[in-house]
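The block underneath contains the structure these notes are about, expressed in structure tokens.
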Amino acid sequence: MIVVRCTQPGDVDALVALAQETGPGLTTFKPDRAALAARVERVRRTLTGDARPFEAGYFFVMEDTASGDVAGVCGIETEVGLEQPFYNYRVSTVVHASQDMGVWTRMSLLNISHDLTGYAEVCSLFLSPRYRTAGVGGLLSRSRFMFIAQFPERFPQRLCAELRGHFDENGESPFWNAVGSHFYQIDFNEADYLSSHGKKSFVAELMPRYPVYLDLLPDSAQQAVGVTHRDTAPARKMLEAEGLRYENHVDIFDAGPVLECHIADLRTVRESAIARVKIVEQRPASDVKSLVSNTLLDDFRCGAATGAIEDGTFLLTSDEAAALRVGEGDDVRVLTSHPRTK
């Protein structure tokens with residue numbers, strides 16, 4: 001069974017190997033052993049209640065329990081911007097008009113914003129190409145919302161997700177080349193690396209002091225604002241199905257979109273339910289699919305199974321129950337996706 005679980009110290013080697021499969025722009029998951037080990041330790045402190053509010057966060061791995069292979073990762077930061085500022089550009093509109101000249105123009109501006117300070121953030125979503133088959137990416141992405149639904153008291157009211165922006169066929173960011181490169185005097189990857197390691201003071205020191213008029217940028221940079229990286233498009237679709245929306249905030253480096261919503265409005269929070277486990281040797285055939293997680297904070301696990309809740313119970317095979325670390329009569333959280341009717 002493929003399950004998503006919280007990271008453990010023994011995962012560091014596998015995390016480093018998996019991070020080497022990522023491309024540019026995934027700021028929060030780099031192949032840096034020290035940084036990944038520190039993140040795993042930060043998760044431990046968060047789970048035990050020893051993490052300070054600004055450093056609290058969760059990091060999950062997707063594991064094939066049959067082989068032990070780590071196939072993907074995803075994360076949740078509990079409250080962003082409490083220690084290091086959480087910068088975004090807010091896309092706004094300004095009108096210039098002259099009655100005497102008969103001129104009326106509407107232009108888009110980029111303004112530095114701290115609007116998302118204090119939001120929870122879902123981040124670091126990466127699935128190895130080896131496992132990109134139907135349903136696996138959805139399990140990885142939505143497992144975070146199953147965790148949030150189970151432990152809502154650990155999160156604020158609002159949630160955001162920064163998505164990778166557009167890169168051209170040469171692997172370069174048109175927006176960075178048109179804006180950031182002129183102010184920071186380093187290449188995108190170096191700026192991305194510094195930011196991912198918490199060294200963000202250079203952003204405040206060197207960022208543009210005034211709004212940026214989009215109309216003054218090259219067409220390639222204008223067209224990149226709010227556009228999702230082609231490899232991240234499936235993740236955006238899943239997040240939007242969950243209830244997150246683009247509200248005119250973009251990343252300051254590559255202008256990728258930031259999606260956001262109230263946590264109470266997440267589909268998983270609204271529709272998932274608690275059921276009791278009933279273990280069977282063989283589950284009846286069903287075309288209904290569900291996400292199933294245990295209710296354990298210190299050993300959270302989430303997987304996919306067929307079937308739905310009936311009479312307050314959910315059927316699991318013994319192998320599925322073992323993978324999810326639950327037994328007969330234990331509680332599980334279930335999110336059912338009913339098949340579409342024609």
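We label chains A, B, ... in the order they appear in the structure tokens, count residues from 1 in each chain, and number ligands from 1 in the order shown.
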
Go through stretch 37-235 of chain A and collect every residue that DSSP, computed from the backbone, puts in alpha helix (DSSP H); the answer should be as a tab-separated table (two decimals) with N, CA and C atoms, in the first residue's frame.
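Saved result, selection39.tsv, follows:
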chain	number	residue	atom	x	y	z
A	37	ALA	N	17.76	17.42	7.19
A	37	ALA	CA	17.84	16.84	8.54
A	37	ALA	C	17.26	17.81	9.57
A	38	ALA	N	17.55	19.11	9.40
A	38	ALA	CA	17.01	20.11	10.31
A	38	ALA	C	15.50	20.19	10.20
A	39	ARG	N	14.99	20.01	8.99
A	39	ARG	CA	13.53	20.07	8.81
A	39	ARG	C	12.85	18.88	9.48
A	40	VAL	N	13.45	17.71	9.34
A	40	VAL	CA	12.90	16.53	9.99
A	40	VAL	C	12.89	16.71	11.51
A	41	GLU	N	13.96	17.29	12.05
A	41	GLU	CA	14.03	17.55	13.48
A	41	GLU	C	12.98	18.59	13.89
A	42	ARG	N	12.74	19.57	13.04
A	42	ARG	CA	11.73	20.58	13.32
A	42	ARG	C	10.33	19.95	13.40
A	43	VAL	N	10.08	18.97	12.55
A	43	VAL	CA	8.81	18.25	12.61
A	43	VAL	C	8.67	17.53	13.95
A	44	ARG	N	9.74	16.91	14.40
A	44	ARG	CA	9.69	16.22	15.69
A	44	ARG	C	9.33	17.19	16.81
A	45	ARG	N	9.97	18.37	16.81
A	45	ARG	CA	9.68	19.36	17.85
A	45	ARG	C	8.25	19.88	17.75
A	46	THR	N	7.75	20.00	16.52
A	46	THR	CA	6.37	20.46	16.34
A	46	THR	C	5.39	19.44	16.90
A	47	LEU	N	5.63	18.17	16.64
A	47	LEU	CA	4.73	17.13	17.11
A	47	LEU	C	4.73	17.02	18.63
A	48	THR	N	5.87	17.26	19.24
A	48	THR	CA	5.97	17.16	20.70
A	48	THR	C	5.57	18.46	21.40
A	136	VAL	N	-2.24	8.83	-7.52
A	136	VAL	CA	-1.14	8.93	-6.55
A	136	VAL	C	-0.88	10.39	-6.17
A	137	GLY	N	-0.85	11.28	-7.16
A	137	GLY	CA	-0.64	12.69	-6.87
A	137	GLY	C	-1.75	13.27	-6.01
A	138	GLY	N	-2.98	12.83	-6.27
A	138	GLY	CA	-4.10	13.31	-5.46
A	138	GLY	C	-3.98	12.88	-4.01
A	139	LEU	N	-3.55	11.64	-3.79
A	139	LEU	CA	-3.32	11.17	-2.42
A	139	LEU	C	-2.27	12.01	-1.73
A	140	LEU	N	-1.16	12.27	-2.40
A	140	LEU	CA	-0.07	13.03	-1.80
A	140	LEU	C	-0.53	14.44	-1.43
A	141	SER	N	-1.19	15.12	-2.35
A	141	SER	CA	-1.63	16.49	-2.10
A	141	SER	C	-2.69	16.56	-1.02
A	142	ARG	N	-3.70	15.70	-1.12
A	142	ARG	CA	-4.85	15.79	-0.22
A	142	ARG	C	-4.56	15.24	1.17
A	143	SER	N	-3.50	14.44	1.32
A	143	SER	CA	-3.17	13.93	2.64
A	143	SER	C	-2.95	15.07	3.64
A	144	ARG	N	-2.41	16.20	3.15
A	144	ARG	CA	-2.19	17.34	4.04
A	144	ARG	C	-3.51	17.89	4.58
A	145	PHE	N	-4.53	17.88	3.74
A	145	PHE	CA	-5.83	18.39	4.17
A	145	PHE	C	-6.53	17.41	5.11
A	146	MET	N	-6.23	16.11	4.94
A	146	MET	CA	-6.74	15.14	5.91
A	146	MET	C	-6.11	15.40	7.28
A	147	PHE	N	-4.84	15.74	7.30
A	147	PHE	CA	-4.16	16.04	8.56
A	147	PHE	C	-4.75	17.31	9.18
A	148	ILE	N	-4.96	18.34	8.37
A	148	ILE	CA	-5.54	19.58	8.87
A	148	ILE	C	-6.95	19.34	9.41
A	149	ALA	N	-7.74	18.53	8.69
A	149	ALA	CA	-9.10	18.24	9.13
A	149	ALA	C	-9.12	17.50	10.46
A	150	GLN	N	-8.11	16.65	10.68
A	150	GLN	CA	-8.06	15.89	11.92
A	150	GLN	C	-7.57	16.72	13.11
A	174	PRO	N	11.35	34.19	-17.12
A	174	PRO	CA	11.28	35.50	-17.79
A	174	PRO	C	11.03	36.63	-16.81
A	175	PHE	N	10.23	36.37	-15.76
A	175	PHE	CA	9.94	37.42	-14.80
A	175	PHE	C	11.18	37.77	-14.00
A	176	TRP	N	11.93	36.77	-13.56
A	176	TRP	CA	13.16	37.04	-12.82
A	176	TRP	C	14.14	37.84	-13.68
A	177	ASN	N	14.29	37.44	-14.92
A	177	ASN	CA	15.23	38.13	-15.81
A	177	ASN	C	14.84	39.58	-16.02
A	178	ALA	N	13.54	39.88	-16.00
A	178	ALA	CA	13.08	41.24	-16.26
A	178	ALA	C	13.06	42.11	-15.02
A	180	GLY	N	13.81	40.79	-11.00
A	180	GLY	CA	14.70	40.46	-9.89
A	180	GLY	C	16.17	40.55	-10.20
A	181	SER	N	16.57	40.10	-11.39
A	181	SER	CA	18.01	40.07	-11.72
A	181	SER	C	18.63	41.45	-11.67
A	182	HIS	N	17.85	42.50	-11.97
A	182	HIS	CA	18.40	43.86	-11.99
A	182	HIS	C	18.63	44.41	-10.58
A	183	PHE	N	17.87	43.91	-9.61
A	183	PHE	CA	17.97	44.43	-8.25
A	183	PHE	C	18.90	43.59	-7.38
A	184	TYR	N	18.87	42.27	-7.57
A	184	TYR	CA	19.62	41.39	-6.68
A	184	TYR	C	21.01	41.04	-7.18
A	188	PHE	N	18.81	33.37	-10.59
A	188	PHE	CA	17.60	32.89	-9.92
A	188	PHE	C	17.91	31.77	-8.94
A	189	ASN	N	18.72	30.80	-9.35
A	189	ASN	CA	18.98	29.65	-8.49
A	189	ASN	C	19.66	30.04	-7.19
A	190	GLU	N	20.55	31.02	-7.25
A	190	GLU	CA	21.22	31.47	-6.03
A	190	GLU	C	20.23	32.18	-5.11
A	191	ALA	N	19.39	33.04	-5.67
A	191	ALA	CA	18.38	33.71	-4.86
A	191	ALA	C	17.41	32.71	-4.26
A	192	ASP	N	17.03	31.72	-5.05
A	192	ASP	CA	16.13	30.66	-4.59
A	192	ASP	C	16.76	29.87	-3.45
A	193	TYR	N	18.05	29.57	-3.57
A	193	TYR	CA	18.77	28.82	-2.55
A	193	TYR	C	18.83	29.60	-1.24
A	194	LEU	N	19.19	30.88	-1.31
A	194	LEU	CA	19.28	31.70	-0.11
A	194	LEU	C	17.92	31.80	0.58
A	195	SER	N	16.88	32.00	-0.21
A	195	SER	CA	15.54	32.12	0.35
A	195	SER	C	15.10	30.84	1.02
A	196	SER	N	15.42	29.69	0.41
A	196	SER	CA	15.00	28.40	0.96
A	196	SER	C	15.71	28.08	2.27
A	201	SER	N	17.17	38.34	4.32
A	201	SER	CA	17.41	39.76	4.57
A	201	SER	C	17.75	40.50	3.28
A	202	PHE	N	18.41	39.79	2.34
A	202	PHE	CA	18.78	40.45	1.08
A	202	PHE	C	17.54	40.87	0.29
A	203	VAL	N	16.41	40.17	0.49
A	203	VAL	CA	15.19	40.53	-0.22
A	203	VAL	C	14.74	41.91	0.20
A	204	ALA	N	14.67	42.15	1.51
A	204	ALA	CA	14.24	43.45	2.02
A	204	ALA	C	15.23	44.54	1.68
A	205	GLU	N	16.52	44.20	1.66
A	205	GLU	CA	17.56	45.20	1.42
A	205	GLU	C	17.63	45.63	-0.04
A	206	LEU	N	17.31	44.73	-0.96
A	206	LEU	CA	17.54	45.01	-2.37
A	206	LEU	C	16.29	45.07	-3.23
A	219	ASP	N	7.15	41.59	-22.89
A	219	ASP	CA	5.94	40.78	-23.01
A	219	ASP	C	6.08	39.43	-22.33
A	220	SER	N	7.27	38.82	-22.45
A	220	SER	CA	7.47	37.49	-21.86
A	220	SER	C	7.31	37.52	-20.35
A	221	ALA	N	7.76	38.62	-19.72
A	221	ALA	CA	7.63	38.76	-18.27
A	221	ALA	C	6.18	39.05	-17.89
A	222	GLN	N	5.51	39.91	-18.64
A	222	GLN	CA	4.10	40.20	-18.37
A	222	GLN	C	3.25	38.94	-18.43
A	223	GLN	N	3.50	38.13	-19.45
A	223	GLN	CA	2.70	36.93	-19.66
A	223	GLN	C	2.98	35.84	-18.63
A	224	ALA	N	4.08	35.98	-17.90
A	224	ALA	CA	4.44	34.97	-16.89
A	224	ALA	C	3.77	35.21	-15.55
A	233	ALA	N	1.10	22.30	-12.90
A	233	ALA	CA	-0.30	22.47	-13.30
A	233	ALA	C	-1.23	21.43	-12.68
A	234	PRO	N	-0.86	20.14	-12.63
A	234	PRO	CA	-1.76	19.17	-11.97
A	234	PRO	C	-1.97	19.49	-10.49
A	235	ALA	N	-0.91	19.95	-9.82
A	235	ALA	CA	-1.04	20.31	-8.40
A	235	ALA	C	-2.01	21.48	-8.24

Determine, counting only C-alpha atoms, which protein, DNA and RNA residues have an atom within 7 Å of an atom of stretch 250-264 of chain A; residues of the same chain fewer than 6 positions away are not included. Present the result as a PDB file with N, CA and C atoms, in the first residue's frame.
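Written file, result35.pdb:
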ATOM      1  N   TYR A  87       7.161  37.597   1.906  1.00  0.00           N
ATOM      2  CA  TYR A  87       6.947  38.569   0.842  1.00  0.00           C
ATOM      3  C   TYR A  87       6.190  37.967  -0.335  1.00  0.00           C
ATOM      4  N   ASN A  88       5.278  38.762  -0.883  1.00  0.00           N
ATOM      5  CA  ASN A  88       4.640  38.470  -2.166  1.00  0.00           C
ATOM      6  C   ASN A  88       4.449  39.784  -2.911  1.00  0.00           C
ATOM      7  N   TYR A  89       4.182  39.674  -4.189  1.00  0.00           N
ATOM      8  CA  TYR A  89       3.657  40.827  -4.924  1.00  0.00           C
ATOM      9  C   TYR A  89       2.136  40.711  -4.958  1.00  0.00           C
ATOM     10  N   ARG A  90       1.463  41.815  -4.720  1.00  0.00           N
ATOM     11  CA  ARG A  90       0.025  41.887  -4.925  1.00  0.00           C
ATOM     12  C   ARG A  90      -0.227  42.594  -6.253  1.00  0.00           C
ATOM     13  N   GLN A 157      -6.787  30.316  10.720  1.00  0.00           N
ATOM     14  CA  GLN A 157      -8.035  30.277   9.957  1.00  0.00           C
ATOM     15  C   GLN A 157      -7.819  30.236   8.449  1.00  0.00           C
ATOM     16  N   ARG A 158      -6.671  30.698   7.970  1.00  0.00           N
ATOM     17  CA  ARG A 158      -6.488  30.813   6.526  1.00  0.00           C
ATOM     18  C   ARG A 158      -5.258  30.038   6.072  1.00  0.00           C
ATOM     19  N   LEU A 159      -5.267  29.687   4.793  1.00  0.00           N
ATOM     20  CA  LEU A 159      -4.268  28.809   4.208  1.00  0.00           C
ATOM     21  C   LEU A 159      -3.860  29.346   2.846  1.00  0.00           C
ATOM     22  N   CYS A 160      -2.584  29.188   2.490  1.00  0.00           N
ATOM     23  CA  CYS A 160      -2.133  29.593   1.159  1.00  0.00           C
ATOM     24  C   CYS A 160      -1.190  28.546   0.575  1.00  0.00           C
ATOM     25  N   ALA A 161      -0.939  28.662  -0.716  1.00  0.00           N
ATOM     26  CA  ALA A 161      -0.009  27.768  -1.411  1.00  0.00           C
ATOM     27  C   ALA A 161       0.686  28.558  -2.505  1.00  0.00           C
ATOM     28  N   GLU A 162       2.016  28.678  -2.415  1.00  0.00           N
ATOM     29  CA  GLU A 162       2.810  29.306  -3.472  1.00  0.00           C
ATOM     30  C   GLU A 162       3.151  28.245  -4.518  1.00  0.00           C
ATOM     31  N   LEU A 163       2.820  28.517  -5.766  1.00  0.00           N
ATOM     32  CA  LEU A 163       3.087  27.564  -6.836  1.00  0.00           C
ATOM     33  C   LEU A 163       4.256  28.034  -7.697  1.00  0.00           C
ATOM     34  N   ARG A 164       5.004  27.089  -8.234  1.00  0.00           N
ATOM     35  CA  ARG A 164       6.111  27.432  -9.121  1.00  0.00           C
ATOM     36  C   ARG A 164       5.613  28.200 -10.333  1.00  0.00           C
ATOM     37  N   GLY A 165       6.360  29.240 -10.695  1.00  0.00           N
ATOM     38  CA  GLY A 165       5.986  30.056 -11.836  1.00  0.00           C
ATOM     39  C   GLY A 165       6.504  29.499 -13.150  1.00  0.00           C
ATOM     40  N   HIS A 166       6.246  30.247 -14.204  1.00  0.00           N
ATOM     41  CA  HIS A 166       6.602  29.825 -15.565  1.00  0.00           C
ATOM     42  C   HIS A 166       8.103  29.938 -15.812  1.00  0.00           C
ATOM     43  N   SER A 173      13.515  31.897 -15.844  1.00  0.00           N
ATOM     44  CA  SER A 173      12.286  32.603 -15.494  1.00  0.00           C
ATOM     45  C   SER A 173      12.262  33.962 -16.197  1.00  0.00           C
ATOM     46  N   PHE A 175      10.229  36.368 -15.762  1.00  0.00           N
ATOM     47  CA  PHE A 175       9.942  37.424 -14.802  1.00  0.00           C
ATOM     48  C   PHE A 175      11.184  37.773 -14.000  1.00  0.00           C
ATOM     49  N   TRP A 176      11.930  36.771 -13.555  1.00  0.00           N
ATOM     50  CA  TRP A 176      13.161  37.041 -12.822  1.00  0.00           C
ATOM     51  C   TRP A 176      14.139  37.836 -13.684  1.00  0.00           C
ATOM     52  N   GLY A 180      13.813  40.788 -10.997  1.00  0.00           N
ATOM     53  CA  GLY A 180      14.699  40.462  -9.887  1.00  0.00           C
ATOM     54  C   GLY A 180      16.170  40.547 -10.201  1.00  0.00           C
ATOM     55  N   ALA A 224       4.085  35.978 -17.897  1.00  0.00           N
ATOM     56  CA  ALA A 224       4.441  34.972 -16.885  1.00  0.00           C
ATOM     57  C   ALA A 224       3.766  35.215 -15.547  1.00  0.00           C
ATOM     58  N   VAL A 225       3.221  36.401 -15.326  1.00  0.00           N
ATOM     59  CA  VAL A 225       2.655  36.751 -14.023  1.00  0.00           C
ATOM     60  C   VAL A 225       1.393  35.919 -13.754  1.00  0.00           C
ATOM     61  N   GLY A 226       1.428  35.178 -12.660  1.00  0.00           N
ATOM     62  CA  GLY A 226       0.292  34.355 -12.282  1.00  0.00           C
ATOM     63  C   GLY A 226       0.176  33.043 -13.039  1.00  0.00           C
ATOM     64  N   VAL A 227       1.199  32.719 -13.861  1.00  0.00           N
ATOM     65  CA  VAL A 227       1.168  31.486 -14.659  1.00  0.00           C
ATOM     66  C   VAL A 227       1.910  30.378 -13.913  1.00  0.00           C
ATOM     67  N   THR A 228       1.337  29.188 -13.925  1.00  0.00           N
ATOM     68  CA  THR A 228       1.898  28.056 -13.199  1.00  0.00           C
ATOM     69  C   THR A 228       2.883  27.282 -14.069  1.00  0.00           C
ATOM     70  N   GLY A 243     -10.593  23.898  -3.059  1.00  0.00           N
ATOM     71  CA  GLY A 243     -11.223  25.147  -2.662  1.00  0.00           C
ATOM     72  C   GLY A 243     -10.314  26.355  -2.652  1.00  0.00           C
ATOM     73  N   LEU A 244      -9.018  26.184  -2.947  1.00  0.00           N
ATOM     74  CA  LEU A 244      -8.108  27.324  -2.973  1.00  0.00           C
ATOM     75  C   LEU A 244      -8.277  28.101  -4.280  1.00  0.00           C
ATOM     76  N   ARG A 270     -14.743  20.001   5.124  1.00  0.00           N
ATOM     77  CA  ARG A 270     -16.206  20.000   5.121  1.00  0.00           C
ATOM     78  C   ARG A 270     -16.802  18.603   4.949  1.00  0.00           C
TER      79      ARG A 270
END

- Query: Can you tell me, as a PyMOL selection string, what residues are no more than 9 Å from A:Lys278 when counting only C-alpha atoms, ignoring any on the same chain fewer than 4 positions away?
  - Reply: chain A and resi 313-317+327-330

- Message: Under the rule that only C-alpha atoms are counted, which of A:Ser124, A:Thr117, A:Ser318, A:Ser92 is the nearest residue to A:Pro156?
- Response: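 Using only C-alpha atoms, A:Pro156 sits closest to A:Thr117.
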
- Can you work out which one of A:Ala323, A:Leu18, A:Val269, A:Ala275 has the shortest atom-to-atom distance to A:Asp311, counting only C-alpha atoms?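 Closest to A:Asp311, using only C-alpha atoms: A:Ala275.
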
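Going from atom CA of A:Met238 to atom CA of A:Asn294 covers 22.2 Å.
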
- Query: How many Å lie between atom CA of A:Leu110 and atom CA of A:Pro218, rounded to one decimal?
  - Reply: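 The value is 14.6 Å.
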
- Message: as a PyMOL selection string, please: every residue in stretch 75-314 of chain A that a backbone DSSP assignment puts in strand (DSSP E).
- Response: chain A and resi 75-77+88-98+103-113+120-127+158-162+212-213+245-250+257-262+273-280+289-293+301-306+313-314

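Taking atom CA of A:Val122 as the reference point, atom CA of A:Gly307 is found at 27.8 Å.
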
- Message: So, with only C-alpha atoms as the atoms that count, which of A:Ile186, A:Val70, A:Ala308, A:Val277 lies closest to A:Val326?
- Response: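 When distances to A:Val326 are compared using only C-alpha atoms, the smallest one comes from A:Val277.
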
- Task: Within 10 Å of A:Gly81, counting only C-alpha atoms, which residues show up once you throw out same-chain ones fewer than 5 positions away? Write them as a ChimeraX atom specification, please.
- Result: /A:54-55,86-87,114-120
